[in-house]
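Chemist: Below is a structure I'd like to ask you about.
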Amino acid sequence: MSWADKRIRVLYSFGSKLGGGRADTTAWQQVKGLAAAGADVLVFPGVLKWPLPLGVRVRPTLSRGKLRIPYKVLGRLRAYALHDYIVSKRVAKLAGQIDIIHTWPLASLRTLRVAARLGIPTVYERPNAHTRLFYEVAQEECKHLGITLPPNHEHSYSAEVVRIEDEEYQLAGRLLCPSEYVMQTFLEKGFPPAKLARHQYGYDEQVYYPDRQPRRVTLSLSMLFCGSCTPVKGLHYALEAWLQSPAHRDGTFLIAGQGTPEYAKRLSPMLTHPSVHVLGFRNDVPELMRRSDVLVLPSISEGFPLVTAEARGSGCVLLVSEAAGAVCEHRVNALVHRIGDVKTLAEHITMLYEDRALLERLRATSLKTVGEITWTAAGKRLLEVYHDAIVSRSP
């Protein structure tokens, strides 16, 4: 039987809580998508938070029943290392029963070593850009703004994280890159193209969908920023561009997210403008997207922000930077600007404010192809990547 006809047996290792938010949601959706695509999935999460479809076998590493090892008490890196140790011991007993292993950052060293010894193909999730490059970009942007991040902030430089991930990069068979931008950051660091595999993330069409009533055409523009309010996300560029555009005179800029006090203080003169509404953390993001004309994300470094796919599914037009990692095409279903180019972003906001027909054309074109970026489509693509990785390792 050829690999094209065989049901691929996947061991999916995830050191955090499967389901819940951010990367936890991404991993949970990947497992669901793989099962729907026909993979035989065995999952080793640290903790299972959300249920998975029937047929997916789950064996948590850091929990049993209601008992859980507390991540905060143990510390994230130590918890991940313990997870990795447990998975590596289990993998050693599963030789011949699995075809490929899917791992995540900071929880893979021992597992990848054992897989290499047993000859099992491995893929390694890269939800963000090359970490060393990402830290460099984040530090430079903070320096430009004259602020510092808290020492425990996820974007603050960590030599230990860099050391672990640099070793994981080398041990993994393939690095899974969810966007062209992520791939480019690894190519810039000297990784061969053959080691990089392009896959994608997606959105849940049951949660994110356009308003069922035709949108009321108005002269004012509603723009939404959704996510962590950090320098890397480029909120300061979005605010500068908004206030340079005439859209701010009668339009609305909604900011759904939270940031550090120092960054908020730095932006306060712009955040207090009457057209800008800081909403903080919100649970009604799908509805906010359905009510907004545009989602803006002028990131300086990203992976594949789920909000861009979710916004497209909800009927928002994307205004994003080249580093945002969004699946879109400039002037076809979105408007894309160079990193840090406030002048062009302001022009794009102005274009959509003054030309509502252009806004509606971009929106209609975007909605025609959103089926290509659902989690179901992402699961099928990931299974294809597994197949390629396995075949390339076959004698």
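Residues in the structure tokens are numbered from 1 in each chain, the chains being A, B, ... in the order shown, and ligands are numbered from 1 in the order shown.
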Tell me, counting only C-alpha atoms, for each residue of stretch 168-222 of chain A within 10 Å of stretch 92-110 of chain A, which pair of atoms is nearest and how far apart they are in Å to one decimal, in rows ordered by chain and increasing number, as CSV.
Modeler:
residue,atom,partner,partner_atom,distance
A:Glu168,CA,A:Leu109,CA,5.8
A:Tyr169,CA,A:Pro105,CA,8.9
A:Gln170,CA,A:Leu109,CA,10.0
A:Leu171,CA,A:Leu109,CA,7.6
A:Ala172,CA,A:Thr103,CA,8.7
A:Gly173,CA,A:Ile101,CA,9.7
A:Arg174,CA,A:His102,CA,9.7
A:Leu175,CA,A:Thr103,CA,9.8
A:Leu176,CA,A:His102,CA,9.4
Chemist: What would the file look like if the residues just selected were written as an mmCIF file, in the first residue's frame with C-alpha atoms?
Modeler:
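out39.cif, freshly written:
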data_model
loop_
_atom_site.group_PDB
_atom_site.id
_atom_site.type_symbol
_atom_site.label_atom_id
_atom_site.label_comp_id
_atom_site.auth_asym_id
_atom_site.auth_seq_id
_atom_site.Cartn_x
_atom_site.Cartn_y
_atom_site.Cartn_z
ATOM 1 C CA GLU A 168 14.938 22.199 18.389
ATOM 2 C CA TYR A 169 15.194 23.831 14.948
ATOM 3 C CA GLN A 170 18.191 21.660 14.129
ATOM 4 C CA LEU A 171 16.702 18.417 15.451
ATOM 5 C CA ALA A 172 13.314 18.716 13.712
ATOM 6 C CA GLY A 173 12.832 17.168 10.290
ATOM 7 C CA ARG A 174 10.628 19.970 8.954
ATOM 8 C CA LEU A 175 9.739 23.392 10.353
ATOM 9 C CA LEU A 176 6.035 24.160 9.816
#
Chemist: Could you list, as a PyMOL selection string, every residue within 12 Å of A:Asn283, counting only C-alpha atoms and ignoring same-chain residues fewer than 6 positions away?
Modeler: chain A and resi 21+226-227+256-257+289
Chemist: Ranking A:Leu67, A:Val276, A:Ala37, A:Leu367 by minimum distance to A:Ala311 and counting only C-alpha atoms, which one comes first?
Modeler: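 Of A:Leu67, A:Val276, A:Ala37, A:Leu367, the one nearest A:Ala311, counting only C-alpha atoms, is A:Leu367.
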Chemist: With only C-alpha atoms as the counted atoms, please give the residues lying no more than 10 Å from stretch 378-393 of chain A, apart from itself and same-chain residues fewer than 3 positions off, as a ChimeraX atom specification.
Modeler: /A:2-4,6,8-10,29-39,99-102,119-123,173-174,176,178,195,197-203,372-375
Chemist: Stretch 136-256 of chain A: which residues are strand (DSSP E or B) by DSSP, as a list in words?
Modeler: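 In stretch 136-256 of chain A, DSSP puts these residues in strand (DSSP E or B): Arg174, Leu175, Leu176, Cys177, Leu196, Ala197, Arg198, Tyr203, Ser222, Met223, Leu224, Phe225, Cys226, Cys229, Thr252, Phe253, Leu254, Ile255 and Ala256 of chain A.
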